[in-house]
>>> print(open('final04.cif').read())   # mmCIF, C-alpha atoms
data_input
loop_
_atom_site.label_atom_id
_atom_site.label_comp_id
_atom_site.auth_asym_id
_atom_site.auth_seq_id
_atom_site.Cartn_x
_atom_site.Cartn_y
_atom_site.Cartn_z
CA MET R 110 108.29 52.86 120.28
CA GLU R 111 109.03 55.81 122.58
CA LEU R 112 110.31 56.12 126.12
CA ARG R 113 107.06 57.88 126.94
CA GLN R 114 105.10 54.80 125.92
CA LEU R 115 107.33 52.63 128.10
CA ARG R 116 106.61 54.90 131.07
CA TYR R 117 102.91 54.54 130.32
CA PHE R 118 103.29 50.75 130.28
CA VAL R 119 104.97 50.76 133.70
CA ALA R 120 102.30 53.06 135.18
CA VAL R 121 99.44 50.84 133.97
CA ALA R 122 101.30 47.72 135.12
CA GLU R 123 101.72 49.19 138.61
CA GLU R 124 98.18 50.53 138.91
CA LEU R 125 96.39 47.74 136.98
CA ASN R 126 93.78 50.38 136.28
CA PHE R 127 93.79 52.69 133.25
CA GLY R 128 91.88 55.44 135.03
CA ARG R 129 94.28 55.62 137.97
CA ALA R 130 97.29 55.39 135.65
CA ALA R 131 95.94 58.23 133.48
CA THR R 132 95.46 60.40 136.58
CA ARG R 133 98.99 59.61 137.74
CA LEU R 134 100.40 60.48 134.32
CA HIS R 135 98.24 63.62 133.93
CA ILE R 136 96.85 62.55 130.54
CA ALA R 137 93.41 61.66 129.23
CA GLY R 138 92.28 58.04 129.64
CA PRO R 139 91.51 57.47 125.92
CA SER R 140 94.93 58.82 124.98
CA LEU R 141 96.63 56.43 127.43
CA SER R 142 94.70 53.48 125.99
CA GLN R 143 95.73 54.48 122.44
CA GLN R 144 99.38 54.76 123.45
CA ILE R 145 99.37 51.30 125.03
CA LYS R 146 97.74 49.80 121.94
CA SER R 147 100.37 51.50 119.78
CA LEU R 148 103.15 50.06 121.97
CA GLU R 149 101.62 46.59 121.71
CA ARG R 150 101.54 46.92 117.91
CA ASP R 151 105.19 47.98 117.83
CA LEU R 152 106.24 45.08 120.06
CA GLY R 153 103.99 42.55 118.36
CA VAL R 154 102.64 41.19 121.65
CA ARG R 155 99.78 41.92 124.04
CA LEU R 156 100.91 43.40 127.33
CA PHE R 157 97.58 43.39 129.13
CA GLU R 158 94.44 41.33 129.36
CA ARG R 159 91.52 43.66 130.05
CA ASP R 160 87.78 43.64 130.33
CA ARG R 161 85.29 46.09 131.78
CA ARG R 162 86.29 45.32 135.37
CA THR R 163 89.89 44.13 135.48
CA VAL R 164 93.30 44.73 133.96
CA ARG R 165 96.12 42.24 134.35
CA LEU R 166 99.52 41.66 132.79
CA THR R 167 99.94 38.95 130.19
CA ALA R 168 102.91 36.59 130.41
CA PHE R 169 104.71 38.83 127.94
CA GLY R 170 103.91 41.86 130.07
CA GLU R 171 105.23 40.15 133.22
CA THR R 172 108.48 39.33 131.41
CA LEU R 173 108.97 42.78 129.92
CA LEU R 174 108.11 44.83 133.03
CA PRO R 175 111.43 44.46 134.93
CA GLN R 176 113.40 44.98 131.72
CA THR R 177 111.40 48.10 130.96
CA ARG R 178 112.00 49.49 134.45
CA ALA R 179 115.73 48.91 134.03
CA LEU R 180 115.71 50.61 130.62
CA LEU R 181 113.88 53.65 132.00
CA GLU R 182 116.33 53.89 134.89
CA GLN R 183 119.22 53.87 132.42
CA ALA R 184 117.49 56.60 130.40
CA ASP R 185 116.98 58.69 133.54
CA THR R 186 120.65 58.27 134.47
CA LEU R 187 121.69 59.33 130.99
CA ARG R 188 119.36 62.33 131.17
CA ARG R 189 120.75 63.43 134.54
CA THR R 190 124.30 63.15 133.21
CA ALA R 191 123.41 65.18 130.13
CA ARG R 192 121.74 67.82 132.28
CA GLY R 193 124.96 68.24 134.23
CA PHE R 194 126.78 69.08 131.01
CA ALA R 195 123.91 71.15 129.62
CA ALA R 196 123.16 73.31 132.67
CA SER R 197 125.45 76.12 131.54
CA GLU R 198 124.61 75.92 127.83
CA PRO R 199 122.37 78.72 126.48
CA VAL R 200 118.96 77.85 125.02
CA ARG R 201 117.07 80.56 123.14
CA LEU R 202 113.29 80.60 123.53
CA GLY R 203 110.72 82.78 121.80
CA TYR R 204 107.02 83.16 122.60
CA VAL R 205 103.88 84.90 121.40
CA SER R 206 101.97 86.29 124.36
CA TRP R 207 101.91 83.54 126.97
CA ARG R 208 104.55 81.59 128.82
CA PRO R 209 104.37 79.55 132.05
CA PRO R 210 104.80 81.81 135.09
CA ASP R 211 107.37 79.39 136.54
CA LEU R 212 109.36 79.14 133.31
CA ALA R 213 112.75 80.00 134.86
CA GLU R 214 112.12 77.80 137.89
CA ARG R 215 111.38 74.76 135.75
CA VAL R 216 114.56 75.13 133.72
CA SER R 217 116.82 76.03 136.67
CA GLY R 218 119.80 73.68 136.71
CA VAL R 219 118.93 72.31 133.26
CA ALA R 220 120.08 75.04 130.88
CA GLN R 221 120.78 78.74 130.68
CA LEU R 222 117.45 79.90 129.28
CA LEU R 223 117.54 83.08 127.19
CA VAL R 224 114.00 84.36 126.59
CA ASP R 225 113.88 86.29 123.33
CA ALA R 226 112.49 89.80 123.80
CA TRP R 227 110.84 89.89 120.36
CA VAL R 228 107.17 88.93 120.80
CA MET R 229 106.06 87.68 117.38
CA PRO R 230 103.10 85.80 115.84
CA SER R 231 102.92 82.03 116.17
CA HIS R 232 103.83 81.18 112.58
CA THR R 233 106.82 83.53 112.73
CA GLN R 234 108.14 81.99 115.94
CA ALA R 235 107.76 78.47 114.55
CA GLY R 236 109.62 79.56 111.42
CA ARG R 237 112.47 80.98 113.53
CA VAL R 238 112.86 77.59 115.22
CA ALA R 239 112.93 75.87 111.83
CA ASP R 240 115.63 78.20 110.44
CA GLY R 241 117.73 78.05 113.63
CA SER R 242 117.25 81.66 114.77
CA ILE R 243 115.98 80.36 118.12
CA ASP R 244 115.95 76.91 119.70
CA LEU R 245 112.42 76.72 121.09
CA ALA R 246 109.14 78.60 120.75
CA ILE R 247 105.87 78.69 122.67
CA CYS R 248 103.20 79.16 120.02
CA TRP R 249 100.08 77.79 118.32
CA VAL R 250 100.79 75.32 115.54
CA ARG R 251 98.99 72.85 113.33
CA ALA R 252 100.13 69.32 112.68
CA THR R 253 100.67 70.40 109.07
CA ASP R 254 103.05 73.15 110.19
CA LEU R 255 105.10 70.69 112.23
CA ALA R 256 105.35 68.21 109.35
CA GLU R 257 106.21 70.78 106.66
CA GLN R 258 108.95 72.47 108.73
CA GLU R 259 110.30 69.26 110.31
CA LEU R 260 109.42 70.43 113.80
CA ALA R 261 108.31 68.64 116.94
CA GLY R 262 105.61 69.98 119.24
CA SER R 263 104.80 69.17 122.86
CA LEU R 264 101.67 70.36 124.66
CA LEU R 265 102.55 73.08 127.14
CA GLY R 266 99.15 74.57 127.99
CA ALA R 267 95.68 75.47 126.75
CA ASP R 268 93.36 78.48 127.00
CA ARG R 269 89.61 78.45 127.07
CA LEU R 270 88.37 81.31 124.90
CA PHE R 271 85.58 83.63 126.05
CA ALA R 272 83.25 86.08 124.35
CA PHE R 273 82.68 89.69 125.38
CA SER R 274 79.47 91.68 125.19
CA ILE R 275 77.74 94.55 126.91
CA GLY R 276 76.03 93.72 130.18
CA ASP R 277 75.05 90.05 130.14
CA ASP R 278 77.59 87.57 131.55
CA SER R 279 75.60 84.37 130.95
CA PRO R 280 77.02 81.50 128.84
CA VAL R 281 76.54 81.96 125.11
CA PRO R 282 76.28 79.14 122.51
CA ALA R 283 79.12 79.18 120.01
CA ARG R 284 76.67 79.55 117.12
CA ASP R 285 75.52 82.93 118.53
CA THR R 286 79.01 84.44 118.69
CA VAL R 287 81.07 86.52 116.28
CA VAL R 288 84.75 86.04 115.41
CA LEU R 289 86.86 88.86 113.98
CA VAL R 290 89.24 88.17 111.10
CA ASP R 291 91.85 90.84 110.32
CA ALA R 292 93.02 91.83 106.85
CA ASP R 293 96.64 91.75 108.05
CA THR R 294 97.36 88.08 107.39
CA GLU R 295 101.00 88.44 108.43
CA ALA R 296 100.28 89.59 111.98
CA TRP R 297 97.11 87.56 112.52
CA ALA R 298 97.63 84.47 110.34
CA SER R 299 97.20 81.88 113.12
CA TRP R 300 94.17 83.58 114.66
CA ASN R 301 92.50 84.02 111.27
CA ILE R 302 92.93 80.31 110.48
CA TYR R 303 91.53 79.32 113.87
CA ALA R 304 88.62 81.78 113.75
CA VAL R 305 87.44 80.84 110.26
CA GLU R 306 87.52 77.11 111.05
CA PHE R 307 85.70 77.70 114.34
CA ALA R 308 82.97 79.62 112.51
CA ARG R 309 82.56 76.92 109.87
CA ALA R 310 82.33 74.20 112.50
CA THR R 311 79.92 75.93 114.89
CA GLY R 312 77.87 78.40 112.84
CA ALA R 313 79.48 81.47 114.45
CA SER R 314 79.57 84.60 112.29
CA VAL R 315 82.76 85.96 110.70
CA VAL R 316 83.28 89.73 110.59
CA ARG R 317 86.26 90.97 108.60
CA ILE R 318 88.13 94.03 109.89
CA GLU R 319 91.14 96.09 108.79
CA ASP R 320 92.24 97.90 111.95
CA HIS R 321 94.05 95.18 113.96
CA GLY R 322 91.08 95.22 116.34
CA ILE R 323 91.55 91.61 117.37
CA THR R 324 92.80 93.04 120.70
CA GLY R 325 92.97 96.36 122.52
CA PRO R 326 90.54 99.29 122.56
CA ALA R 327 89.57 98.65 118.93
CA PHE R 328 88.31 95.18 119.92
CA TYR R 329 85.87 96.67 122.42
CA ASP R 330 84.81 99.23 119.80
CA HIS R 331 83.87 96.36 117.49
CA VAL R 332 81.90 94.68 120.28
CA ARG R 333 79.89 97.89 120.79
CA ARG R 334 79.34 98.35 117.08
CA LEU R 335 78.20 94.78 116.48
CA GLY R 336 76.00 94.50 119.56
CA ARG R 337 76.72 90.76 119.76
CA PRO R 338 79.07 88.52 121.78
CA VAL R 339 82.51 88.57 120.16
CA VAL R 340 85.05 85.81 120.83
CA SER R 341 88.34 87.12 122.16
CA SER R 342 91.67 85.79 120.90
CA PRO R 343 94.13 84.23 123.40
CA LYS R 344 96.61 87.09 122.97
CA ARG R 345 97.21 88.77 126.32
CA ASP R 346 96.16 92.42 126.44
CA ALA R 347 96.44 94.97 129.25
CA THR R 348 93.51 97.10 128.07
CA PRO R 349 91.01 97.44 130.98
CA LEU R 350 87.60 95.87 130.42
CA PRO R 351 84.97 98.65 130.00
CA ARG R 352 82.66 98.84 133.02
CA ASP R 353 79.55 97.92 131.07
CA PHE R 354 81.17 94.88 129.45
CA ALA R 355 81.06 91.26 130.60
CA ARG R 356 83.14 88.20 129.83
CA ARG R 357 80.87 85.33 128.77
CA PRO R 358 81.69 81.60 128.68
CA VAL R 359 81.28 80.16 125.20
CA VAL R 360 79.57 76.74 125.23
CA ASP R 361 78.27 74.04 122.87
CA PRO R 362 81.19 73.70 122.21
CA ILE R 363 83.90 75.40 124.28
CA PRO R 364 86.63 76.85 122.02
CA LEU R 365 90.06 75.66 123.18
CA TRP R 366 93.39 77.14 122.06
CA THR R 367 96.50 75.02 122.61
CA TRP R 368 100.04 76.25 123.25
CA ALA R 369 102.88 74.09 121.94
CA LEU R 370 106.55 74.04 122.85
CA VAL R 371 108.13 73.73 119.42
CA SER R 372 111.60 72.40 118.70
CA ARG R 373 113.45 71.06 115.68
CA ARG R 374 112.65 67.40 115.03
CA ALA R 375 116.34 66.62 114.45
CA GLU R 376 117.47 68.50 117.57
CA GLU R 377 120.40 66.78 119.29
CA ARG R 378 121.74 69.39 121.75
CA PRO R 379 121.39 67.97 125.27
CA ALA R 380 120.52 71.40 126.74
CA VAL R 381 117.60 71.90 124.34
CA LEU R 382 116.28 68.37 124.82
CA ALA R 383 116.58 68.70 128.61
CA THR R 384 114.73 72.03 128.49
CA VAL R 385 111.87 70.48 126.50
CA GLU R 386 111.62 67.63 129.00
CA ALA R 387 111.72 69.99 131.99
CA LEU R 388 109.03 72.30 130.60
CA THR R 389 106.62 69.60 129.44
CA ARG R 390 106.92 67.20 132.36
CA ASP R 391 103.66 66.85 134.30
CA VAL R 392 101.73 69.28 132.08
CA LYS R 393 98.05 68.99 132.93
CA VAL R 394 95.21 70.64 131.02
CA GLU R 395 92.11 71.18 133.14
CA PHE R 396 89.42 70.82 130.48
CA ASP R 397 86.92 68.14 129.52
CA ALA R 398 87.91 67.78 125.88
CA ARG R 399 84.60 66.09 125.07
CA ALA R 400 82.87 69.45 125.59
CA CYS R 401 85.53 71.43 123.74
CA TRP R 402 86.26 72.36 120.16
CA LEU R 403 89.72 72.08 118.64
CA PRO R 404 90.73 72.61 115.00
CA ALA R 405 90.85 69.40 112.98
CA ASP R 406 94.61 69.82 112.46
CA ASP R 407 95.45 70.51 116.10
CA PRO R 408 98.38 68.19 116.93
CA PHE R 409 97.11 67.51 120.46
CA ARG R 410 93.58 66.30 119.74
CA ALA R 411 94.37 62.66 120.63
CA GLU R 412 96.42 63.63 123.68
CA LEU R 413 93.53 65.67 125.06
CA GLY R 414 91.02 62.95 124.25
CA ALA R 415 89.10 65.12 121.79
#
>>> encode(input="final04.cif", output="structure tokens")
Amino acid sequence: MELRQLRYFVAVAEELNFGRAATRLHIAGPSLSQQIKSLERDLGVRLFERDRRTVRLTAFGETLLPQTRALLEQADTLRRTARGFAASEPVRLGYVSWRPPDLAERVSGVAQLLVDAWVMPSHTQAGRVADGSIDLAICWVRATDLAEQELAGSLLGADRLFAFSIGDDSPVPARDTVVLVDADTEAWASWNIYAVEFARATGASVVRIEDHGITGPAFYDHVRRLGRPVVSSPKRDATPLPRDFARRPVVDPIPLWTWALVSRRAEERPAVLATVEALTRDVKVEFDARACWLPADDPFRAELGA
């Protein structure tokens, strides 16, 4: 049983509508329903009576609601007190190529955030959190990675991936695209894993390269050479798009890349915990997960309703 689940219970109890509660909480409806069922299993009682039209509290739910509100208020008070102590404590954060534009604003008054200047691959940043070199990382991870390294991951954002080709900017089915896989498995390990699984799941073609042309001018050279739509990685790149190129939406399905805020599972420092809470509060992903593709081991499949 988690505090998050208790907050979900209070939201549904106040709205008496799973759809409205999900909107209020900025999560997918199926994920909210799963979390409530999980809470009911942990408690051993049913909290709601529901059918296709109505939702109402059971007698157990009515009894537990005021107690739950009081518990959440105590938790909030404790969190505010901890934040007061933690506000001046340094928290080291690493990232790959993306971070929220309002990163400093979100953490203001919570902790002294030190953004690491070394931009490294996802698996490297996750490993640095595990070995204590940094406290947090914004990166792509699999559920397996989190379990093996005793890490925790919270959804921080998601990117829709696009394909690039010459001229045509119409949507392109995933099966008609190409993904590039680089021979440098140290620098491109996460992307290679994602790309190969995407190709297997959708019928896209895999082209193996040896020049780090996943991004930059070499990427556009490969697009010209192949003469087919090539899926671009989520790594940010300042190389201008050639004038005769077009960015094309990939559909059937839409490839989605998730960004996790990774911390140590056994983390106890109030400043780090407060930073995680501040950065992940009210995160909303604007995608219909039913039309998207995510790797089978993506830790946020259930949360996104995929």
>>> residues_around(input="final04.cif", residues="stretch 371-380 of chain R", least_positions_apart="3", cutoff="7 Å", atoms="only C-alpha atoms", output="list of chain:residue names")
R:Ala191, R:Arg192, R:Ala195, R:Ala196, R:Glu198, R:Val200, R:Val219, R:Ala220, R:Ala235, R:Val238, R:Ala239, R:Asp244, R:Leu245, R:Ala246, R:Ile247, R:Glu259, R:Leu260, R:Ala261, R:Gly262, R:Ser263, R:Ala383, R:Thr384
>>> resolve_selection(input="final04.cif", expression="the PyMOL selection byres ((chain R and resi 130) around 12)", output="PyMOL selection string")
chain R and resi 116-129+131-142+145+164
>>> write_last_selection(input="final04.cif", atoms="C-alpha atoms", output="short mmCIF file (atom, residue, chain, number, x, y, z; two decimals), in the coordinates of the input")
data_model
loop_
_atom_site.label_atom_id
_atom_site.label_comp_id
_atom_site.auth_asym_id
_atom_site.auth_seq_id
_atom_site.Cartn_x
_atom_site.Cartn_y
_atom_site.Cartn_z
CA ARG R 116 106.61 54.90 131.07
CA TYR R 117 102.91 54.54 130.32
CA PHE R 118 103.29 50.75 130.28
CA VAL R 119 104.97 50.76 133.70
CA ALA R 120 102.30 53.06 135.18
CA VAL R 121 99.44 50.84 133.97
CA ALA R 122 101.30 47.72 135.12
CA GLU R 123 101.72 49.19 138.61
CA GLU R 124 98.18 50.53 138.91
CA LEU R 125 96.39 47.74 136.98
CA ASN R 126 93.78 50.38 136.28
CA PHE R 127 93.79 52.69 133.25
CA GLY R 128 91.88 55.44 135.03
CA ARG R 129 94.28 55.62 137.97
CA ALA R 131 95.94 58.23 133.48
CA THR R 132 95.46 60.40 136.58
CA ARG R 133 98.99 59.61 137.74
CA LEU R 134 100.40 60.48 134.32
CA HIS R 135 98.24 63.62 133.93
CA ILE R 136 96.85 62.55 130.54
CA ALA R 137 93.41 61.66 129.23
CA GLY R 138 92.28 58.04 129.64
CA PRO R 139 91.51 57.47 125.92
CA SER R 140 94.93 58.82 124.98
CA LEU R 141 96.63 56.43 127.43
CA SER R 142 94.70 53.48 125.99
CA ILE R 145 99.37 51.30 125.03
CA VAL R 164 93.30 44.73 133.96
#
>>> atom_distance(input="final04.cif", atom1="atom CA of R:Glu214", atom2="atom CA of R:Thr233")
26.3 Å
>>> residues_around(input="final04.cif", residues="R:Thr286", least_positions_apart="6", cutoff="9 Å", atoms="all atoms listed in the file", output="PyMOL selection string")
chain R and resi 272+308+312-315+337-340+359
>>> resolve_selection(input="final04.cif", expression="the PyMOL selection byres ((chain R and resi 222) around 8)", output="number ranges by chain")
R: 199-202, 213, 216, 220-221, 223-224
>>> atom_distance(input="final04.cif", atom1="atom CA of R:Val287", atom2="atom CA of R:Tyr329")
12.8 Å
>>> resolve_selection(input="final04.cif", expression="the PyMOL selection byres ((chain R and resi 393) around 10)", output="MDAnalysis selection string")
chainID R and resid 132 134:137 264:267 389:392 394:396 413
>>> atom_distance(input="final04.cif", atom1="atom CA of R:Arg334", atom2="atom CA of R:Arg317")
13.2 Å
>>> closest_residue(input="final04.cif", among="R:Gly241, R:Pro175, R:Pro358, R:Pro408", to="R:Ser279", atoms="all atoms listed in the file")
R:Pro358
>>> closest_residue(input="final04.cif", among="R:Glu295, R:Asp361, R:Glu412, R:Glu149", to="R:Met229", atoms="all atoms listed in the file")
R:Glu295
>>> closest_residue(input="final04.cif", among="R:Leu403, R:Val205, R:Leu270, R:Leu388", to="R:Phe307", atoms="all atoms listed in the file")
R:Leu403
>>> closest_residue(input="final04.cif", among="R:Val316, R:Trp368, R:Ala327, R:Leu112", to="R:Thr177", atoms="all atoms listed in the file")
R:Leu112
>>> closest_residue(input="final04.cif", among="R:Ser342, R:Gln114, R:Gln258, R:Thr367", to="R:Lys146", atoms="only C-alpha atoms")
R:Gln114
>>> closest_residue(input="final04.cif", among="R:Val281, R:Ile318, R:Ala398, R:Val250", to="R:Thr294", atoms="only C-alpha atoms")
R:Ile318
